[in-house]
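J.: Compact mmCIF, C-alpha atoms, saved as entry.txt, coming up:
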```txt
# COMPACT_ATOMS: atom_id res chain seq x y z
CA GLN A 1 129.11 163.46 74.84
CA SER A 2 129.27 159.92 73.51
CA SER A 3 130.36 157.06 75.72
CA SER A 4 131.67 154.81 72.96
CA LEU A 5 135.18 153.78 72.04
CA VAL A 6 137.07 153.86 68.79
CA CYS A 7 139.63 151.04 68.73
CA GLY A 8 142.60 150.27 66.57
CA SER A 9 144.67 147.11 66.56
CA ILE A 10 148.28 147.00 65.41
CA ASN A 11 150.97 144.50 64.59
CA TYR A 12 154.16 145.57 66.27
CA ARG A 13 157.79 144.69 66.75
CA ASN A 14 158.42 146.80 69.84
CA TYR A 15 157.16 149.80 71.80
CA ASP A 16 158.41 152.20 69.08
CA ASP A 17 155.77 150.74 66.75
CA ALA A 18 153.14 151.26 69.44
CA LEU A 19 154.23 154.88 69.90
CA GLU A 20 153.98 155.48 66.15
CA ALA A 21 150.50 153.94 66.21
CA VAL A 22 149.45 156.31 69.02
CA GLU A 23 150.66 159.26 66.98
CA TRP A 24 148.80 158.01 63.91
CA LEU A 25 145.63 157.34 65.94
CA ARG A 26 145.69 160.87 67.36
CA GLY A 27 145.95 162.28 63.85
CA GLN A 28 143.05 160.14 62.63
CA ALA A 29 140.83 160.28 65.73
CA ALA A 30 138.45 162.97 64.48
CA LYS A 31 137.98 161.11 61.18
CA TYR A 32 136.67 158.10 63.12
CA GLY A 33 134.73 160.06 65.73
CA GLY A 34 137.32 159.75 68.49
CA ASN A 35 138.88 162.21 70.88
CA PRO A 36 142.64 162.61 70.30
CA ASP A 37 143.05 163.77 73.89
CA LYS A 38 141.74 160.48 75.36
CA VAL A 39 143.95 157.64 74.17
CA ALA A 40 144.66 154.48 76.17
CA LEU A 41 146.70 151.42 75.28
CA TYR A 42 145.58 147.86 75.91
CA GLY A 43 147.76 144.80 75.57
CA TYR A 44 147.65 141.11 76.40
CA SER A 45 150.79 139.12 77.32
CA ALA A 46 153.72 140.48 75.27
CA GLY A 47 151.31 143.14 74.01
CA GLY A 48 150.79 144.15 77.64
CA ARG A 49 154.50 144.71 78.04
CA THR A 50 154.55 146.75 74.85
CA ALA A 51 151.52 148.81 75.92
CA GLY A 52 153.06 149.46 79.35
CA ASP A 53 156.44 150.44 77.95
CA ALA A 54 154.85 152.74 75.37
CA ALA A 55 152.64 154.34 78.03
CA LEU A 56 155.69 155.12 80.17
CA LEU A 57 157.87 156.33 77.29
CA GLY A 58 155.33 158.27 75.20
CA LYS A 59 155.85 162.03 75.14
CA ASN A 60 154.00 164.87 73.43
CA ASN A 61 151.84 163.49 70.59
CA GLN A 62 152.73 159.92 71.56
CA ALA A 63 151.59 160.30 75.19
CA VAL A 64 148.53 158.33 76.33
CA GLN A 65 146.02 158.79 79.13
CA GLY A 66 146.09 155.21 80.39
CA ALA A 67 147.33 151.65 79.92
CA VAL A 68 145.70 148.28 80.54
CA LEU A 69 147.96 145.24 80.91
CA ALA A 70 146.30 141.82 80.82
CA ALA A 71 148.71 139.01 81.74
CA GLY A 72 151.63 141.26 80.84
CA ALA A 73 154.47 142.95 82.66
CA VAL A 74 156.56 146.04 82.05
CA SER A 75 160.31 145.89 81.53
CA LYS A 76 162.97 148.15 82.96
CA HIS A 77 161.11 151.13 81.48
CA VAL A 78 159.17 151.31 84.75
CA LEU A 79 162.23 153.31 85.85
CA HIS A 80 160.85 156.14 83.67
CA ALA A 81 157.59 156.31 85.64
CA THR A 82 156.78 159.62 87.32
CA PRO A 83 153.73 161.01 89.13
CA GLY A 84 152.75 162.41 85.69
CA SER A 85 152.70 158.97 84.05
CA PRO A 86 149.29 157.71 82.89
CA PRO A 87 147.22 155.47 85.16
CA PHE A 88 147.49 151.70 84.78
CA LEU A 89 145.06 148.83 85.11
CA VAL A 90 146.91 145.56 85.75
CA ILE A 91 144.92 142.33 85.29
CA HIS A 92 146.58 139.00 86.07
CA CYS A 93 145.93 135.44 87.24
CA LYS A 94 147.96 134.27 90.21
CA ASP A 95 148.58 130.87 88.61
CA ASP A 96 149.82 132.23 85.25
CA PRO A 97 152.51 129.80 84.03
CA LYS A 98 153.84 132.12 81.29
CA VAL A 99 154.08 135.56 82.88
CA SER A 100 154.86 135.45 86.58
CA PHE A 101 152.22 136.88 88.90
CA SER A 102 155.04 138.25 91.07
CA GLY A 103 155.97 140.47 88.11
CA ALA A 104 152.50 142.02 88.17
CA VAL A 105 152.72 142.64 91.90
CA LEU A 106 156.21 144.15 91.50
CA LEU A 107 154.96 146.37 88.66
CA GLU A 108 152.06 147.56 90.82
CA SER A 109 154.43 148.32 93.70
CA ASP A 110 157.02 150.07 91.53
CA LEU A 111 154.43 152.26 89.79
CA LYS A 112 152.73 153.20 93.06
CA SER A 113 156.10 154.04 94.65
CA LYS A 114 156.65 156.52 91.80
CA GLY A 115 153.25 158.14 92.30
CA VAL A 116 151.46 156.48 89.38
CA ALA A 117 147.78 155.58 89.83
CA VAL A 118 147.38 151.79 89.56
CA ASP A 119 144.21 149.73 89.71
CA THR A 120 144.39 145.93 89.74
CA LEU A 121 142.27 142.88 89.20
CA TYR A 122 143.93 139.66 90.34
CA PHE A 123 142.31 136.26 89.89
CA PRO A 124 143.32 133.21 91.94
CA THR A 125 143.07 130.93 88.89
CA GLY A 126 142.89 131.18 85.12
CA GLY A 127 146.46 130.57 84.05
CA HIS A 128 147.52 132.82 81.18
CA ASN A 129 143.89 133.58 80.37
CA PRO A 130 142.33 136.30 82.54
CA TYR A 131 139.53 136.43 79.94
CA SER A 132 138.23 133.18 81.44
CA HIS A 133 136.76 135.44 84.16
CA LYS A 134 134.67 137.19 81.53
CA GLU A 135 132.17 139.12 83.67
CA GLU A 136 134.68 140.34 86.22
CA PHE A 137 137.29 141.11 83.56
CA TYR A 138 135.02 143.19 81.33
CA GLY A 139 133.23 144.76 84.30
CA LYS A 140 136.53 146.02 85.72
CA LEU A 141 137.73 147.15 82.29
CA ASN A 142 134.50 149.08 81.73
CA THR A 143 134.68 150.70 85.17
CA TRP A 144 138.32 151.70 84.63
CA CYS A 145 137.56 153.18 81.19
CA GLN A 146 134.62 155.11 82.62
CA GLN A 147 136.65 156.49 85.53
CA THR A 148 139.90 157.10 83.64
CA LEU A 149 138.72 158.18 80.18
CA GLY A 150 135.06 158.99 80.70
CA VAL A 151 133.96 156.29 78.24
CA GLY A 152 132.05 153.05 78.66
CA ARG A 153 128.72 152.21 80.23
CA PRO A 154 127.82 154.39 83.22
CA VAL A 155 129.03 152.85 86.45
CA GLN A 156 126.61 152.81 89.40
CA GLY A 157 128.73 154.01 92.32
CA PRO A 158 131.63 152.05 93.74
CA GLY A 159 129.60 149.06 94.93
CA PRO A 160 131.25 145.83 95.99
CA THR A 161 133.89 144.32 93.77
CA PRO A 162 132.67 140.92 92.61
CA ALA A 163 134.77 138.05 93.89
CA PRO A 164 136.63 136.29 91.08
CA THR A 165 135.36 132.83 90.30
CA SER A 166 137.03 129.86 88.76
CA THR A 167 133.89 128.62 87.02
CA PRO A 168 134.78 127.62 83.45
CA THR A 169 133.19 129.69 80.70
CA THR A 170 132.67 129.05 77.04
CA THR A 171 134.89 131.98 76.12
CA PRO A 172 137.81 130.59 74.13
CA ALA A 173 141.26 131.40 75.39
CA PRO A 174 143.22 133.79 73.19
CA THR A 175 145.97 132.09 71.26
CA GLU A 176 149.58 133.16 71.52
CA ALA A 177 149.78 133.91 67.80
CA SER A 178 146.66 136.07 67.73
CA THR A 179 147.17 137.97 70.97
CA GLU A 180 150.88 138.49 71.35
CA ALA A 181 151.06 140.10 67.92
CA SER A 182 148.55 142.85 68.61
CA THR A 183 148.14 145.78 70.94
CA GLU A 184 145.01 147.87 70.87
CA ALA A 185 144.77 151.64 71.22
CA SER A 186 141.41 153.21 72.11
CA THR A 187 140.08 156.74 71.96
CA GLU A 188 136.96 158.34 73.35
CA ALA A 189 134.28 159.04 70.78
```
Please lay out the structure from this file as structure tokens.
T.:
Amino acid sequence: QSSSLVCGSINYRNYDDALEAVEWLRGQAAKYGGNPDKVALYGYSAGGRTAGDAALLGKNNQAVQGAVLAAGAVSKHVLHATPGSPPFLVIHCKDDPKVSFSGAVLLESDLKSKGVAVDTLYFPTGGHNPYSHKEEFYGKLNTWCQQTLGVGRPVQGPGPTPAPTSTPTTTPAPTEASTEASTEASTEA
């Protein structure tokens, strides 16, 4: 079994577009070497909200097996969460000036209270750019994909979670125009 990912990126207007993309991706997964039964949504900022909403509202062929929200929050659709909802990974910086950190904490609490599995990665700094913590961000994302979907690099036991740092990196911050207009859907290959 392969441990790679097949990814698709969409332009969207709302969660309905994301749900249609999930349905399309499932139908095309085999063509691209993916597994239609292992689909997760990933979104940054407004894309995170869209990915979260779509994950909670998707049914049948539009259902997903997980959702990753980076600097995003879910709207009132969290009311639709049930113990059968897909697991979430919520990544957020506590000093985010655009999307309130308290919204991420509330989302985590609301989902957990409804029986949804939630994993988090919270950074003390980074503003609206959790990618500035490159190693921790991608390490956590890889671990979550491995544990939730069975894809990604093998993870060596639970081990200690690295402490977030505020050391600047050379990774450029995503721009609003390029990141808020796309949500990615991934499938296991």
J.: Taking all atoms listed in the file into account, which of A:Leu89, A:Val99, A:Ala55, A:Ala117 comes nearest A:Gly72?
T.: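 Selected residue with least distance to A:Gly72: A:Val99.
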J.: Just the residues within 12 Å of A:Lys114, please, counting only C-alpha atoms, with nothing from its chain fewer than 6 positions along; format it as a PyMOL selection string.
T.: chain A and resi 56+78-87+107-108
J.: Report, in Å with one decimal, the straight-line distance from atom CA of A:Val116 to atom CA of A:Arg13.
T.: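 Interatomic distance, atom CA of A:Val116 to atom CA of A:Arg13: 26.3 Å.
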J.: Find the nearest atom pair between each residue of stretch 19-115 of chain A and stretch 126-150 of chain A for residues within 10 Å, count only C-alpha atoms, give distances in Å to one decimal, sort rows by chain and ascending number, and present the table as a Markdown table.
T.:
```
| residue | atom | partner | partner_atom | distance |
| --- | --- | --- | --- | --- |
| A:Asp37 | CA | A:Leu149 | CA | 9.5 |
| A:Lys38 | CA | A:Leu149 | CA | 6.1 |
| A:Val39 | CA | A:Leu149 | CA | 8.0 |
| A:Ala40 | CA | A:Leu149 | CA | 8.1 |
| A:Tyr44 | CA | A:Asn129 | CA | 9.3 |
| A:Ser45 | CA | A:His128 | CA | 8.1 |
| A:Gln65 | CA | A:Leu149 | CA | 7.4 |
| A:Gly66 | CA | A:Thr148 | CA | 7.2 |
| A:Ala67 | CA | A:Thr148 | CA | 9.9 |
| A:Val68 | CA | A:Leu141 | CA | 8.2 |
| A:Ala70 | CA | A:Pro130 | CA | 7.0 |
| A:Ala71 | CA | A:His128 | CA | 6.3 |
| A:Gly72 | CA | A:His128 | CA | 9.4 |
| A:Pro86 | CA | A:Thr148 | CA | 9.4 |
| A:Pro87 | CA | A:Thr148 | CA | 7.7 |
| A:Phe88 | CA | A:Trp144 | CA | 9.2 |
| A:Leu89 | CA | A:Trp144 | CA | 7.3 |
| A:Val90 | CA | A:Leu141 | CA | 9.9 |
| A:Ile91 | CA | A:Pro130 | CA | 7.1 |
| A:His92 | CA | A:Pro130 | CA | 6.1 |
| A:Cys93 | CA | A:Gly126 | CA | 5.6 |
| A:Lys94 | CA | A:Gly127 | CA | 7.3 |
| A:Asp95 | CA | A:Gly127 | CA | 5.0 |
| A:Asp96 | CA | A:Gly127 | CA | 3.9 |
| A:Pro97 | CA | A:Gly127 | CA | 6.1 |
| A:Lys98 | CA | A:His128 | CA | 6.4 |
| A:Val99 | CA | A:His128 | CA | 7.3 |
| A:Ser100 | CA | A:His128 | CA | 9.5 |
| A:Phe101 | CA | A:Gly127 | CA | 9.8 |
```
J.: Which residues of stretch 56-162 of chain A come within 8 Å of stretch 20-35 of chain A, and for each one, what is the closest pair of atoms and their distance in Å to one decimal, counting all atoms listed in the file, sorted by chain and residue number, as a tab-separated table?
T.:
```
residue	atom	partner	partner_atom	distance
A:Asn61	CA	A:Glu23	CA	5.7
A:Gln62	CA	A:Glu23	CA	5.1
A:Ala63	CA	A:Val22	CA	7.7
A:Val64	CA	A:Val22	CA	7.6
```
J.: Just the number, please: distance in Å from atom CA of A:Lys112 to atom CA of A:Gly8, one decimal.
T.: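 One can read the atom CA of A:Lys112 to atom CA of A:Gly8 distance as 28.5 Å.
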J.: Could you check how far atom CA of A:Leu19 sits from atom CA of A:Lys76, in Å to one decimal?
T.: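 According to the coordinates, atom CA of A:Leu19 and atom CA of A:Lys76 are separated by 17.1 Å.
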